[in-house]
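S.K.: Here it is: the structure, laid out below.
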Amino acid sequence: MTRKFGAAVLRAYESPFALEEVILHTGPADGEILVRIAGCGLCRTDLAVRRSAGRSPLPAVLGHEGAGVVVETGGPATGLTIGDHVVLSFDSCGHCRNCTAAAPAYCDSFSSLNLFGGREENAARFTDAAGGELAPRWFGQSSFAEYAMVPARNAVRVDPALPVELLGPLGCGFLTGAGAVLNSFGIGPGDTLAVFGAGAVGLAALMAATAAGAVTVAVDRHPERLALAERLGAAPLHAESAGLPDRVRRLTDGGARYALDTTGSAGLINDALRALRPTGHLGLVARLHTALALEPGTLDRGRRISHICEGDAVPGLLIPRLTGLWQAGLFPFDQLIRTYPLADINEAERDCDAGRVIKPVLIPEGTGRDGTGR
C-alpha cells in the first residue's frame, strides 16, 4: 500500500530542513512495524550530520528519538499489535556477539545501521514526491516525519496512559545519560557523581543519580542550565570557575567516585579526571573530533576513563524503568522538553544551537494525543 505523508527532509549539509511530501511504497515487511509518530526529539546527533564530511548520505529524513502508535505490523512475530504505544530506539542486528550478549549498543553493525545509511533491504521503497530515493532509515527510524517504518526490535511498548508525544527522547538522549549512571556506573546510595555539561544527556544523568540516592554536581557554562540542575538536586558549578577540580572535590567529600563528560572538551575532560577520587571512573559520551591529550597525573591512582555508547542500555529494559521513575516523580524528564510543530524544525535547531532549549520535541501536524491523528 502506498502511503504519502509529511517529513522534514535534509537535502544538503548546509541547507535548512524542508517539510516535504514523501512516499512509502510498501507496507511493513516481516519483523517491521509502521508507527504514526506522535513526537520526536531533536538530538545533537541529528545535527552532527552537517559535520559528517559526506559519510551520512543525503537527501535523508533524520530523527531517531521517535514515539507513537503502531498502525501496521509485519506479522505476529513482531510481538506488537495495532494500537500499541511505542518508544523507538537505536537499531541493531540482533545476532552478532554483542547483541546476543545483551549489549546492542555495541552491535558489530551499529555504524552502518544507524549512522551511514541504514538497512539496505527495501531501501528504494522510501522516496520523495518526485520518486527520488531518500537515505533509508536513519537509526532504523527516520522519524522527523508523520510515519516511520521501524524494525520491531527497535520499538519498546509503553503504557498508553503515558504522554506518548513526549517519550521519544527516552530512546536515545535521556537513555544515554540515565543508562550511564544506572548501567555503566551502577550508582547507588551515597555515591558521588559530577556531570560536565548540563544538556539533555547530562541532566538525565543527574536525575537518575539523584533517584538512586547519589550526591551530584553539575558543571556547565550556561547559568540557566545550572539553575535547572540545582532545582533537580545538583550542586552547580560554572565551567570557567577557578580551581574547578578542587571545587568538585570539596563538594564530593574528597573527589567524585564517578564523572560523566558530555562536552567532548579536552580541558573539561582533564578537569573531570582531576576531580575524581582514587579509583574513580570517568565516562565519555560525546564523539571526539580531535586527539585527546591527557595531562600528567590525571590517570594516576587507579582512575580510569571509558567511552559509553547509548548508556550501555538494553532499551526494552531501561525505558520501562525510566517511565516508572517518572511516574513515581523521580525522573522528571518532561521538565527538560519544549515542543515545536514539525514544520518549525529549523527554529528548534537554532534554539538548540543557541542553548535556548535543552530538548526540543517535534510534533507532526495533525497528530492527536494518542498519536493516531485524531
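Going through the C-alpha cells in order, the chains are called A, B, and so on, while each chain numbers its residues from 1 and the ligands are numbered from 1 in the order shown.
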Please provide as a list in words all residues within 6 Å of range 142-150 of chain A, with the sequence filter that same-chain residues fewer than 6 positions apart are discarded (counting only C-alpha atoms).
M.R.: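 My list of contacting residues is Gly6, Ala7, Ala8, Glu32, Ile33, Leu34, Val35, Arg36, Ile37, Val61, Leu62, Gly63, His64, Gly66 and Pro364 of chain A.
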S.K.: Write out as a PyMOL selection string the residues lying within 12 Å of Pro16 in chain A, counting only C-alpha atoms and excluding same-chain residues fewer than 2 positions away.
M.R.: chain A and resi 8-14+18-19+47+50+59+343-350
S.K.: I'd like the neighbourhood of range 122-136 of chain A as a list of chain:residue names, where a residue qualifies if any of its atoms comes within 8 Å (using only C-alpha atoms), though same-chain residues fewer than 3 positions away should be ignored.
M.R.: A:Glu20, A:Glu21, A:Val22, A:Ile23, A:Leu24, A:His25, A:Thr26, A:Pro57, A:Leu58, A:Pro59, A:Ala60, A:Val61, A:Gly117, A:Gly118, A:Arg119, A:Ser142
S.K.: I'd like the contact shell of Ala205 in chain A - 7 Å cut-off, only C-alpha atoms, skipping same-chain residues fewer than 4 positions apart - returned as a VMD selection string.
M.R.: chain A and resid 177 to 178 180 to 181 201 209
S.K.: Take the residues from that selection and put them in a file with N, CA, C and O atoms, as an mmCIF file, in the first residue's frame.
M.R.:
```cif
data_model
loop_
_atom_site.group_PDB
_atom_site.id
_atom_site.type_symbol
_atom_site.label_atom_id
_atom_site.label_comp_id
_atom_site.auth_asym_id
_atom_site.auth_seq_id
_atom_site.Cartn_x
_atom_site.Cartn_y
_atom_site.Cartn_z
ATOM 1 N N GLY A 177 22.101 9.273 29.101
ATOM 2 C CA GLY A 177 22.521 9.820 30.390
ATOM 3 C C GLY A 177 22.131 8.956 31.557
ATOM 4 O O GLY A 177 22.954 8.656 32.434
ATOM 5 N N ALA A 178 20.868 8.528 31.581
ATOM 6 C CA ALA A 178 20.416 7.693 32.693
ATOM 7 C C ALA A 178 21.096 6.336 32.668
ATOM 8 O O ALA A 178 21.452 5.786 33.724
ATOM 9 N N ALA A 180 24.104 5.615 31.548
ATOM 10 C CA ALA A 180 25.480 5.737 32.027
ATOM 11 C C ALA A 180 25.533 5.628 33.543
ATOM 12 O O ALA A 180 26.426 4.986 34.108
ATOM 13 N N VAL A 181 24.550 6.231 34.200
ATOM 14 C CA VAL A 181 24.505 6.215 35.662
ATOM 15 C C VAL A 181 24.073 4.855 36.198
ATOM 16 O O VAL A 181 24.705 4.281 37.089
ATOM 17 N N VAL A 201 21.554 15.011 27.938
ATOM 18 C CA VAL A 201 22.194 13.786 28.449
ATOM 19 C C VAL A 201 22.675 13.998 29.872
ATOM 20 O O VAL A 201 22.459 13.154 30.753
ATOM 21 N N ALA A 209 20.877 9.744 38.861
ATOM 22 C CA ALA A 209 21.746 9.592 40.020
ATOM 23 C C ALA A 209 21.040 10.034 41.296
ATOM 24 O O ALA A 209 21.168 9.388 42.353
#
```
S.K.: For Gly324 in chain A, which residue among A:Gly255, A:Trp138, A:Leu115, A:Leu170 is the nearest when counting only C-alpha atoms?
M.R.: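 Selected residue with least distance to Gly324 in chain A: A:Leu170.
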S.K.: So which residues touch Thr339 in chain A within 10 Å, counting only C-alpha atoms, skipping near sequence neighbours fewer than 2 positions away, as a PyMOL selection string?
M.R.: chain A and resi 39-41+165-166+337+341-342+344+348+357+359-363
S.K.: Keeping N, CA, C and O atoms, export the residues of the selection given above as an mmCIF file, in the first residue's frame.
M.R.:
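Output file part-v5.cif follows:
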```
data_model
loop_
_atom_site.group_PDB
_atom_site.id
_atom_site.type_symbol
_atom_site.label_atom_id
_atom_site.label_comp_id
_atom_site.auth_asym_id
_atom_site.auth_seq_id
_atom_site.Cartn_x
_atom_site.Cartn_y
_atom_site.Cartn_z
ATOM 1 N N GLY A 39 5.564 12.264 18.418
ATOM 2 C CA GLY A 39 6.568 13.259 18.749
ATOM 3 C C GLY A 39 7.946 12.663 18.549
ATOM 4 O O GLY A 39 8.139 11.453 18.688
ATOM 5 N N CYS A 40 8.916 13.519 18.207
ATOM 6 C CA CYS A 40 10.282 13.050 18.001
ATOM 7 C C CYS A 40 11.256 14.073 18.563
ATOM 8 O O CYS A 40 11.195 15.257 18.206
ATOM 9 N N GLY A 41 12.150 13.637 19.433
ATOM 10 C CA GLY A 41 13.162 14.518 19.970
ATOM 11 C C GLY A 41 14.174 14.917 18.907
ATOM 12 O O GLY A 41 14.475 14.145 17.989
ATOM 13 N N GLU A 165 3.620 11.552 23.173
ATOM 14 C CA GLU A 165 4.280 12.560 22.352
ATOM 15 C C GLU A 165 5.568 13.088 22.980
ATOM 16 O O GLU A 165 6.413 13.664 22.293
ATOM 17 N N LEU A 166 5.753 12.883 24.292
ATOM 18 C CA LEU A 166 6.944 13.367 24.992
ATOM 19 C C LEU A 166 7.984 12.282 25.239
ATOM 20 O O LEU A 166 9.077 12.586 25.740
ATOM 21 N N ILE A 337 11.859 19.433 28.342
ATOM 22 C CA ILE A 337 11.316 19.390 26.977
ATOM 23 C C ILE A 337 10.574 20.672 26.634
ATOM 24 O O ILE A 337 9.835 21.228 27.450
ATOM 25 N N PRO A 341 6.010 22.422 16.550
ATOM 26 C CA PRO A 341 5.462 21.713 15.387
ATOM 27 C C PRO A 341 6.611 21.225 14.504
ATOM 28 O O PRO A 341 7.652 21.887 14.402
ATOM 29 N N LEU A 342 6.435 20.086 13.864
ATOM 30 C CA LEU A 342 7.475 19.585 12.972
ATOM 31 C C LEU A 342 7.855 20.628 11.928
ATOM 32 O O LEU A 342 9.028 20.729 11.542
ATOM 33 N N ASP A 344 8.347 23.610 12.320
ATOM 34 C CA ASP A 344 9.270 24.588 12.909
ATOM 35 C C ASP A 344 10.610 23.954 13.268
ATOM 36 O O ASP A 344 11.316 24.434 14.159
ATOM 37 N N ALA A 348 13.674 25.080 15.922
ATOM 38 C CA ALA A 348 14.125 24.202 17.008
ATOM 39 C C ALA A 348 15.629 23.982 16.932
ATOM 40 O O ALA A 348 16.325 23.969 17.961
ATOM 41 N N VAL A 357 17.131 25.942 24.462
ATOM 42 C CA VAL A 357 16.265 24.819 24.788
ATOM 43 C C VAL A 357 17.150 23.606 25.075
ATOM 44 O O VAL A 357 18.232 23.471 24.490
ATOM 45 N N LYS A 359 15.859 20.124 25.327
ATOM 46 C CA LYS A 359 15.427 19.007 24.478
ATOM 47 C C LYS A 359 14.201 19.435 23.675
ATOM 48 O O LYS A 359 13.076 19.417 24.166
ATOM 49 N N PRO A 360 14.392 19.813 22.417
ATOM 50 C CA PRO A 360 13.239 20.069 21.554
ATOM 51 C C PRO A 360 12.562 18.751 21.185
ATOM 52 O O PRO A 360 13.234 17.753 20.911
ATOM 53 N N VAL A 361 11.242 18.755 21.172
ATOM 54 C CA VAL A 361 10.469 17.620 20.682
ATOM 55 C C VAL A 361 9.535 18.135 19.602
ATOM 56 O O VAL A 361 8.779 19.088 19.811
ATOM 57 N N LEU A 362 9.610 17.515 18.431
ATOM 58 C CA LEU A 362 8.862 17.929 17.252
ATOM 59 C C LEU A 362 7.570 17.136 17.140
ATOM 60 O O LEU A 362 7.577 15.898 17.220
ATOM 61 N N ILE A 363 6.467 17.846 16.973
ATOM 62 C CA ILE A 363 5.138 17.229 16.911
ATOM 63 C C ILE A 363 4.608 17.339 15.489
ATOM 64 O O ILE A 363 4.384 18.452 14.986
#
```
S.K.: As a ChimeraX atom specification, please: every residue in range 155-347 of chain A that a backbone DSSP assignment puts in alpha helix (DSSP H).
M.R.: /A:173-179,200-211,223-231,244-251,266-274,315-327,345-347
S.K.: Just to be explicit: take each residue in the selection above, keep C-alpha atoms, and write the result as a PDB file, in the first residue's frame.
M.R.:
```pdb
ATOM      1  CA  GLY A 173      19.333  11.178  24.788  1.00  0.00           C
ATOM      2  CA  PHE A 174      17.722  10.513  28.145  1.00  0.00           C
ATOM      3  CA  LEU A 175      18.502   6.800  27.820  1.00  0.00           C
ATOM      4  CA  THR A 176      22.194   7.631  27.299  1.00  0.00           C
ATOM      5  CA  GLY A 177      22.521   9.820  30.390  1.00  0.00           C
ATOM      6  CA  ALA A 178      20.416   7.693  32.693  1.00  0.00           C
ATOM      7  CA  GLY A 179      21.951   4.480  31.378  1.00  0.00           C
ATOM      8  CA  ALA A 200      19.784  16.692  27.856  1.00  0.00           C
ATOM      9  CA  VAL A 201      22.194  13.786  28.449  1.00  0.00           C
ATOM     10  CA  GLY A 202      23.876  15.374  31.448  1.00  0.00           C
ATOM     11  CA  LEU A 203      20.643  16.379  33.170  1.00  0.00           C
ATOM     12  CA  ALA A 204      19.181  12.910  32.585  1.00  0.00           C
ATOM     13  CA  ALA A 205      22.271  11.504  34.281  1.00  0.00           C
ATOM     14  CA  LEU A 206      21.809  13.869  37.237  1.00  0.00           C
ATOM     15  CA  MET A 207      18.140  12.923  37.609  1.00  0.00           C
ATOM     16  CA  ALA A 208      18.914   9.207  37.508  1.00  0.00           C
ATOM     17  CA  ALA A 209      21.746   9.592  40.020  1.00  0.00           C
ATOM     18  CA  THR A 210      19.537  11.583  42.391  1.00  0.00           C
ATOM     19  CA  ALA A 211      16.834   8.929  42.075  1.00  0.00           C
ATOM     20  CA  PRO A 223      23.632  29.923  34.113  1.00  0.00           C
ATOM     21  CA  GLU A 224      20.067  28.908  33.269  1.00  0.00           C
ATOM     22  CA  ARG A 225      21.100  25.262  32.878  1.00  0.00           C
ATOM     23  CA  LEU A 226      22.966  25.392  36.165  1.00  0.00           C
ATOM     24  CA  ALA A 227      19.844  26.817  37.804  1.00  0.00           C
ATOM     25  CA  LEU A 228      17.787  23.924  36.426  1.00  0.00           C
ATOM     26  CA  ALA A 229      20.401  21.405  37.591  1.00  0.00           C
ATOM     27  CA  GLU A 230      20.216  22.945  41.059  1.00  0.00           C
ATOM     28  CA  ARG A 231      16.419  22.601  41.083  1.00  0.00           C
ATOM     29  CA  LEU A 244      37.296  23.704  39.152  1.00  0.00           C
ATOM     30  CA  PRO A 245      38.619  20.212  40.100  1.00  0.00           C
ATOM     31  CA  ASP A 246      39.254  21.355  43.681  1.00  0.00           C
ATOM     32  CA  ARG A 247      35.741  22.778  43.902  1.00  0.00           C
ATOM     33  CA  VAL A 248      34.254  19.478  42.736  1.00  0.00           C
ATOM     34  CA  ARG A 249      36.373  17.544  45.240  1.00  0.00           C
ATOM     35  CA  ARG A 250      35.182  19.763  48.106  1.00  0.00           C
ATOM     36  CA  LEU A 251      31.558  19.206  47.136  1.00  0.00           C
ATOM     37  CA  ALA A 266      39.681  18.273  26.293  1.00  0.00           C
ATOM     38  CA  GLY A 267      40.035  20.871  29.049  1.00  0.00           C
ATOM     39  CA  LEU A 268      36.913  19.742  30.880  1.00  0.00           C
ATOM     40  CA  ILE A 269      37.823  16.075  30.434  1.00  0.00           C
ATOM     41  CA  ASN A 270      41.129  16.734  32.171  1.00  0.00           C
ATOM     42  CA  ASP A 271      39.314  18.690  34.898  1.00  0.00           C
ATOM     43  CA  ALA A 272      36.893  15.782  35.323  1.00  0.00           C
ATOM     44  CA  LEU A 273      39.745  13.314  35.788  1.00  0.00           C
ATOM     45  CA  ARG A 274      41.391  15.571  38.372  1.00  0.00           C
ATOM     46  CA  PRO A 315      16.172  -0.299  25.582  1.00  0.00           C
ATOM     47  CA  GLY A 316      13.446  -2.818  26.382  1.00  0.00           C
ATOM     48  CA  LEU A 317      14.687  -2.941  29.972  1.00  0.00           C
ATOM     49  CA  LEU A 318      15.764   0.630  30.648  1.00  0.00           C
ATOM     50  CA  ILE A 319      12.909   2.566  29.026  1.00  0.00           C
ATOM     51  CA  PRO A 320      10.214   0.951  31.248  1.00  0.00           C
ATOM     52  CA  ARG A 321      12.447   1.594  34.253  1.00  0.00           C
ATOM     53  CA  LEU A 322      12.664   5.290  33.354  1.00  0.00           C
ATOM     54  CA  THR A 323       8.929   5.674  32.767  1.00  0.00           C
ATOM     55  CA  GLY A 324       8.358   4.017  36.135  1.00  0.00           C
ATOM     56  CA  LEU A 325      10.710   6.502  37.802  1.00  0.00           C
ATOM     57  CA  TRP A 326       8.869   9.350  36.049  1.00  0.00           C
ATOM     58  CA  GLN A 327       5.510   8.086  37.291  1.00  0.00           C
ATOM     59  CA  ILE A 345      12.226  22.186  12.908  1.00  0.00           C
ATOM     60  CA  ASN A 346      14.645  24.892  11.754  1.00  0.00           C
ATOM     61  CA  GLU A 347      13.630  27.139  14.651  1.00  0.00           C
TER      62      GLU A 347
END
```
S.K.: If we count only C-alpha atoms, what is near Arg97 in chain A at a cut-off of 10 Å, once residues fewer than 5 positions away on the same chain are taken out, given as number ranges by chain?
M.R.: A: 102-104, 106-108
S.K.: Find the residues around His281 in chain A up to 12 Å (only C-alpha atoms counted), leave out those fewer than 2 positions away in its own chain, and share them as JSON, numbers by chain.
M.R.: {"A": [180, 181, 184, 185, 186, 187, 191, 192, 193, 194, 195, 255, 256, 257, 258, 259, 260, 261, 269, 272, 273, 274, 275, 276, 277, 278, 279, 283, 284, 298, 299, 300, 301, 302, 303, 304, 305, 306, 307, 308]}
S.K.: Could you tell me, as a PDB file with N, CA, C and O atoms, in the first residue's frame, which residues of range 9-82 of chain A DSSP assigns to strand (DSSP E) when given the backbone?
M.R.:
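Everything below was put into part17.pdb:
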```
ATOM      1  N   VAL A   9      12.931  16.943   5.380  1.00  0.00           N
ATOM      2  CA  VAL A   9      13.995  16.378   4.554  1.00  0.00           C
ATOM      3  C   VAL A   9      15.215  17.299   4.599  1.00  0.00           C
ATOM      4  O   VAL A   9      15.084  18.518   4.431  1.00  0.00           O
ATOM      5  N   LEU A  10      16.379  16.715   4.822  1.00  0.00           N
ATOM      6  CA  LEU A  10      17.640  17.446   4.717  1.00  0.00           C
ATOM      7  C   LEU A  10      18.277  17.058   3.396  1.00  0.00           C
ATOM      8  O   LEU A  10      18.632  15.901   3.182  1.00  0.00           O
ATOM      9  N   ALA A  18      13.564  20.944   5.035  1.00  0.00           N
ATOM     10  CA  ALA A  18      12.387  21.338   4.260  1.00  0.00           C
ATOM     11  C   ALA A  18      11.269  20.341   4.509  1.00  0.00           C
ATOM     12  O   ALA A  18      11.478  19.133   4.399  1.00  0.00           O
ATOM     13  N   LEU A  19      10.100  20.859   4.864  1.00  0.00           N
ATOM     14  CA  LEU A  19       8.951  19.977   5.063  1.00  0.00           C
ATOM     15  C   LEU A  19       8.405  19.597   3.700  1.00  0.00           C
ATOM     16  O   LEU A  19       7.982  20.468   2.925  1.00  0.00           O
ATOM     17  N   GLU A  20       8.427  18.311   3.369  1.00  0.00           N
ATOM     18  CA  GLU A  20       8.042  17.822   2.048  1.00  0.00           C
ATOM     19  C   GLU A  20       7.082  16.642   2.177  1.00  0.00           C
ATOM     20  O   GLU A  20       7.001  16.004   3.234  1.00  0.00           O
ATOM     21  N   GLU A  21       6.419  16.351   1.076  1.00  0.00           N
ATOM     22  CA  GLU A  21       5.666  15.104   0.985  1.00  0.00           C
ATOM     23  C   GLU A  21       6.621  13.990   0.575  1.00  0.00           C
ATOM     24  O   GLU A  21       7.405  14.132  -0.360  1.00  0.00           O
ATOM     25  N   VAL A  22       6.583  12.888   1.299  1.00  0.00           N
ATOM     26  CA  VAL A  22       7.380  11.718   0.965  1.00  0.00           C
ATOM     27  C   VAL A  22       6.437  10.541   0.767  1.00  0.00           C
ATOM     28  O   VAL A  22       5.256  10.596   1.135  1.00  0.00           O
ATOM     29  N   ILE A  23       6.975   9.479   0.176  1.00  0.00           N
ATOM     30  CA  ILE A  23       6.129   8.339  -0.177  1.00  0.00           C
ATOM     31  C   ILE A  23       6.764   7.056   0.333  1.00  0.00           C
ATOM     32  O   ILE A  23       7.954   6.799   0.104  1.00  0.00           O
ATOM     33  N   LEU A  24       5.969   6.265   0.994  1.00  0.00           N
ATOM     34  CA  LEU A  24       6.348   4.909   1.389  1.00  0.00           C
ATOM     35  C   LEU A  24       5.574   3.963   0.487  1.00  0.00           C
ATOM     36  O   LEU A  24       4.340   3.955   0.493  1.00  0.00           O
ATOM     37  N   GLU A  32       8.819  -5.950  10.886  1.00  0.00           N
ATOM     38  CA  GLU A  32       8.742  -4.497  10.908  1.00  0.00           C
ATOM     39  C   GLU A  32       7.378  -4.028  11.402  1.00  0.00           C
ATOM     40  O   GLU A  32       6.392  -4.773  11.367  1.00  0.00           O
ATOM     41  N   ILE A  33       7.347  -2.769  11.818  1.00  0.00           N
ATOM     42  CA  ILE A  33       6.089  -2.121  12.169  1.00  0.00           C
ATOM     43  C   ILE A  33       6.065  -0.732  11.537  1.00  0.00           C
ATOM     44  O   ILE A  33       7.110  -0.134  11.282  1.00  0.00           O
ATOM     45  N   LEU A  34       4.871  -0.236  11.264  1.00  0.00           N
ATOM     46  CA  LEU A  34       4.687   1.138  10.837  1.00  0.00           C
ATOM     47  C   LEU A  34       4.088   1.910  11.999  1.00  0.00           C
ATOM     48  O   LEU A  34       3.078   1.500  12.577  1.00  0.00           O
ATOM     49  N   VAL A  35       4.734   3.027  12.332  1.00  0.00           N
ATOM     50  CA  VAL A  35       4.350   3.806  13.505  1.00  0.00           C
ATOM     51  C   VAL A  35       3.920   5.198  13.074  1.00  0.00           C
ATOM     52  O   VAL A  35       4.623   5.862  12.302  1.00  0.00           O
ATOM     53  N   ARG A  36       2.775   5.614  13.559  1.00  0.00           N
ATOM     54  CA  ARG A  36       2.359   7.011  13.419  1.00  0.00           C
ATOM     55  C   ARG A  36       3.093   7.799  14.498  1.00  0.00           C
ATOM     56  O   ARG A  36       2.921   7.554  15.686  1.00  0.00           O
ATOM     57  N   ILE A  37       3.960   8.724  14.094  1.00  0.00           N
ATOM     58  CA  ILE A  37       4.797   9.444  15.050  1.00  0.00           C
ATOM     59  C   ILE A  37       3.971  10.497  15.780  1.00  0.00           C
ATOM     60  O   ILE A  37       3.331  11.359  15.157  1.00  0.00           O
ATOM     61  N   ALA A  38       4.010  10.433  17.104  1.00  0.00           N
ATOM     62  CA  ALA A  38       3.337  11.431  17.939  1.00  0.00           C
ATOM     63  C   ALA A  38       4.281  12.555  18.322  1.00  0.00           C
ATOM     64  O   ALA A  38       3.857  13.686  18.556  1.00  0.00           O
ATOM     65  N   GLY A  39       5.564  12.264  18.418  1.00  0.00           N
ATOM     66  CA  GLY A  39       6.568  13.259  18.749  1.00  0.00           C
ATOM     67  C   GLY A  39       7.946  12.663  18.549  1.00  0.00           C
ATOM     68  O   GLY A  39       8.139  11.453  18.688  1.00  0.00           O
ATOM     69  N   CYS A  40       8.916  13.519  18.207  1.00  0.00           N
ATOM     70  CA  CYS A  40      10.282  13.050  18.001  1.00  0.00           C
ATOM     71  C   CYS A  40      11.256  14.073  18.563  1.00  0.00           C
ATOM     72  O   CYS A  40      11.195  15.257  18.206  1.00  0.00           O
ATOM     73  N   GLY A  41      12.150  13.637  19.433  1.00  0.00           N
ATOM     74  CA  GLY A  41      13.162  14.518  19.970  1.00  0.00           C
ATOM     75  C   GLY A  41      14.174  14.917  18.907  1.00  0.00           C
ATOM     76  O   GLY A  41      14.475  14.145  17.989  1.00  0.00           O
ATOM     77  N   ALA A  60      17.993  12.938   3.047  1.00  0.00           N
ATOM     78  CA  ALA A  60      17.576  11.971   4.062  1.00  0.00           C
ATOM     79  C   ALA A  60      16.522  12.585   4.956  1.00  0.00           C
ATOM     80  O   ALA A  60      16.446  13.812   5.120  1.00  0.00           O
ATOM     81  N   VAL A  61      15.724  11.731   5.563  1.00  0.00           N
ATOM     82  CA  VAL A  61      14.862  12.091   6.681  1.00  0.00           C
ATOM     83  C   VAL A  61      15.582  11.604   7.937  1.00  0.00           C
ATOM     84  O   VAL A  61      15.798  10.399   8.108  1.00  0.00           O
ATOM     85  N   GLY A  66      11.959   8.929  18.175  1.00  0.00           N
ATOM     86  CA  GLY A  66      10.547   8.919  17.877  1.00  0.00           C
ATOM     87  C   GLY A  66       9.734   8.121  18.886  1.00  0.00           C
ATOM     88  O   GLY A  66      10.228   7.200  19.545  1.00  0.00           O
ATOM     89  N   ALA A  67       8.459   8.484  18.986  1.00  0.00           N
ATOM     90  CA  ALA A  67       7.492   7.712  19.769  1.00  0.00           C
ATOM     91  C   ALA A  67       6.139   7.893  19.118  1.00  0.00           C
ATOM     92  O   ALA A  67       5.859   8.937  18.515  1.00  0.00           O
ATOM     93  N   GLY A  68       5.304   6.878  19.213  1.00  0.00           N
ATOM     94  CA  GLY A  68       3.995   6.974  18.595  1.00  0.00           C
ATOM     95  C   GLY A  68       3.183   5.719  18.765  1.00  0.00           C
ATOM     96  O   GLY A  68       3.368   4.959  19.728  1.00  0.00           O
ATOM     97  N   VAL A  69       2.315   5.476  17.794  1.00  0.00           N
ATOM     98  CA  VAL A  69       1.337   4.392  17.874  1.00  0.00           C
ATOM     99  C   VAL A  69       1.491   3.481  16.655  1.00  0.00           C
ATOM    100  O   VAL A  69       1.602   3.957  15.522  1.00  0.00           O
ATOM    101  N   VAL A  70       1.511   2.185  16.891  1.00  0.00           N
ATOM    102  CA  VAL A  70       1.624   1.202  15.812  1.00  0.00           C
ATOM    103  C   VAL A  70       0.336   1.207  14.989  1.00  0.00           C
ATOM    104  O   VAL A  70      -0.766   1.080  15.536  1.00  0.00           O
ATOM    105  N   VAL A  71       0.484   1.370  13.667  1.00  0.00           N
ATOM    106  CA  VAL A  71      -0.687   1.353  12.786  1.00  0.00           C
ATOM    107  C   VAL A  71      -0.688   0.161  11.843  1.00  0.00           C
ATOM    108  O   VAL A  71      -1.736  -0.182  11.283  1.00  0.00           O
ATOM    109  N   GLU A  72       0.461  -0.487  11.627  1.00  0.00           N
ATOM    110  CA  GLU A  72       0.537  -1.720  10.843  1.00  0.00           C
ATOM    111  C   GLU A  72       1.682  -2.553  11.399  1.00  0.00           C
ATOM    112  O   GLU A  72       2.654  -2.013  11.935  1.00  0.00           O
ATOM    113  N   THR A  73       1.574  -3.874  11.242  1.00  0.00           N
ATOM    114  CA  THR A  73       2.660  -4.749  11.660  1.00  0.00           C
ATOM    115  C   THR A  73       2.992  -5.725  10.535  1.00  0.00           C
ATOM    116  O   THR A  73       2.162  -6.001   9.672  1.00  0.00           O
TER     117      THR A  73
END
```
S.K.: Which residue, A:Ala214, A:Ala313, A:Val285, A:Ile358, has the smallest gap to Arg338 in chain A when you use only C-alpha atoms?
M.R.: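 Closest to Arg338 in chain A, using only C-alpha atoms: A:Ile358.
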S.K.: Which is closer to Asp353 in chain A than all the others in A:Leu113, A:Val219, A:Cys43, A:Val87, using only C-alpha atoms?
M.R.: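 The closest residue to Asp353 in chain A is A:Cys43.
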S.K.: Rank nothing, just name the residue among A:Gly199, A:Ser15, A:Pro76, A:Glu240 nearest to Cys352 in chain A, using only C-alpha atoms.
M.R.: A:Gly199
S.K.: For each of A:Thr78, A:Thr216, A:Thr263, A:Ser111, take the minimum atom-to-atom distance to Ala155 in chain A, counting only C-alpha atoms, then give the residue where this is smallest.
M.R.: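 Distance minimum relative to Ala155 in chain A lands on A:Thr78.
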S.K.: Between A:Arg153, A:Arg55, A:His238, A:His85, which has the minimum distance to Phe116 in chain A (counting only C-alpha atoms)?
M.R.: A:Arg55
